Amino acid sequence: MAEFLWQPFAEFSFMRRALVACFAIALGAGPLGVLLVLRRMSLVGDALSHAILPGAAIGFLVAGFSLPIMSVGGLVAGLVVAVLAGLVTRFTDQREDASFAALFLIALALGVMLISLQGSNMDVMHVLFGSILAVDDTSLLMVAGAGTITILALAVAFRALVMECFDPGFMRAIGAGGLIWHLLFLGLVVLNLVSGFHALGTLMAVGLMMVPAAAARYWSADVGGIMLAAVGIAMVSGWVGLLLSYHQDVATGPAIILTAGVFYALSVIFGRNGGLIRTLYPRPHLEA
């Protein structure tokens, strides 16, 4: 059993890099996914993952599969969509989910069209789904850097981000810079999606951000506890998904996300904080 669990990582350097990349993505994306769930913005993460596509596509057209150029392009495109959606929501009566939906569909169509101009279907598939087993040292450093920046930003601004998460109207009322914190949060989401799409692709990167976060809320009522659970589930999902990919010869990205999906299903059924069993068969309260 020990050989089954550790032999691929001990024998192959690409498996070790992939595992470290999964852990780094989990550290940064897990807590952000929790905040997205608490803000009822779960689909915004998916929208932003597609919003980076035009910028990455322009970088691809300019320099091919150049990590720095595609990353800068994706980061700029994601931030533009995030800022535009935030401004539309703040200064019009349109809900934020509607503005994100419109902008991300436009961005997705534009990105695919740009890639198809000079690339092949395989190029589109590579950008959309990535290949975590092909992560090189540069990509690994980028993912680790994004995770580090996210953890440091959360450590400094955790209180403000959580307050803006639960009551943005109060933050605006007291002049606490609610819009600034909101844009900072969206910027962190974009940063993690940009770093993750080189490993998992735009479609899968958001999966490791959102599915563990959705599962984690069934295990704790405390924001910090939910974040720790999300990071743990994301890490284990990455590890198990890599093992499934290696031993069963299946696609790595989908294996990781489907493993997280299994954790989500188990959490929905057995979770102690609102899980199905706990809801249907609550424990009787002990009278003093």
# chains A, B, ... in the order shown; residues from 1 in each chain; ligands from 1

$ residues_around --residues "Arg16 of chain A" --least-positions-apart "2" --cutoff "12 Å" --atoms "only C-alpha atoms" --output "list in words"
Trp6, Gln7, Pro8, Phe9, Ala10, Glu11, Phe12, Ser13, Phe14, Ala18, Leu19, Val20, Ala21, Cys22, Phe23, Ile132, Leu133, Ala134, Val135, Asp136, Asp137, Leu140, Gly238, Trp239, Leu242 and Leu243 of chain A

$ write_last_selection --atoms "C-alpha atoms" --output "PDB file, in the first residue's frame"
ATOM      1  CA  TRP A   6       4.289   7.085  -2.738  1.00  0.00           C
ATOM      2  CA  GLN A   7       6.182   5.189  -5.467  1.00  0.00           C
ATOM      3  CA  PRO A   8       5.159   7.484  -8.378  1.00  0.00           C
ATOM      4  CA  PHE A   9       6.305  10.584  -6.485  1.00  0.00           C
ATOM      5  CA  ALA A  10       9.571   8.981  -5.377  1.00  0.00           C
ATOM      6  CA  GLU A  11      10.399   7.735  -8.859  1.00  0.00           C
ATOM      7  CA  PHE A  12       9.352  10.575 -11.175  1.00  0.00           C
ATOM      8  CA  SER A  13      10.246  14.249 -10.819  1.00  0.00           C
ATOM      9  CA  PHE A  14       7.262  15.367 -12.939  1.00  0.00           C
ATOM     10  CA  ALA A  18       2.629  18.158 -10.114  1.00  0.00           C
ATOM     11  CA  LEU A  19       1.983  17.309  -6.451  1.00  0.00           C
ATOM     12  CA  VAL A  20       3.708  20.475  -5.222  1.00  0.00           C
ATOM     13  CA  ALA A  21       1.712  22.498  -7.776  1.00  0.00           C
ATOM     14  CA  CYS A  22      -1.543  20.996  -6.469  1.00  0.00           C
ATOM     15  CA  PHE A  23      -0.578  21.828  -2.884  1.00  0.00           C
ATOM     16  CA  ILE A 132      -0.462  19.406 -14.751  1.00  0.00           C
ATOM     17  CA  LEU A 133       1.994  16.595 -15.499  1.00  0.00           C
ATOM     18  CA  ALA A 134       3.839  19.012 -17.803  1.00  0.00           C
ATOM     19  CA  VAL A 135       4.374  21.668 -15.106  1.00  0.00           C
ATOM     20  CA  ASP A 136       7.910  23.014 -15.306  1.00  0.00           C
ATOM     21  CA  ASP A 137       9.944  24.904 -12.721  1.00  0.00           C
ATOM     22  CA  LEU A 140       5.732  25.886 -10.305  1.00  0.00           C
ATOM     23  CA  GLY A 238      -4.728  16.634  -5.852  1.00  0.00           C
ATOM     24  CA  TRP A 239      -2.741  13.772  -4.325  1.00  0.00           C
ATOM     25  CA  LEU A 242      -2.520  12.208  -9.419  1.00  0.00           C
ATOM     26  CA  LEU A 243      -2.374   8.628  -8.151  1.00  0.00           C
TER      27      LEU A 243
END

$ atom_distance --atom1 "atom CA of Ser131 of chain A" --atom2 "atom CA of Ala205 of chain A"
11.0 Å

$ residues_around --residues "segment 220-232 of chain A" --least-positions-apart "2" --cutoff "12 Å" --atoms "only C-alpha atoms" --output "ChimeraX atom specification"
/A:22-39,147,151,154-155,158-159,161-163,165-166,208-218,234-239,260,263-264,267,271-275

$ closest_residue --among "A:Leu103, A:Ala57, A:Met204, A:Ile233" --to "Thr252 of chain A" --atoms "only C-alpha atoms"
A:Met204

$ atom_distance --atom1 "atom CA of Ala77 of chain A" --atom2 "atom CA of Leu108 of chain A"
11.0 Å

$ atom_distance --atom1 "atom CA of Gly59 of chain A" --atom2 "atom CA of Gly73 of chain A"
5.7 Å
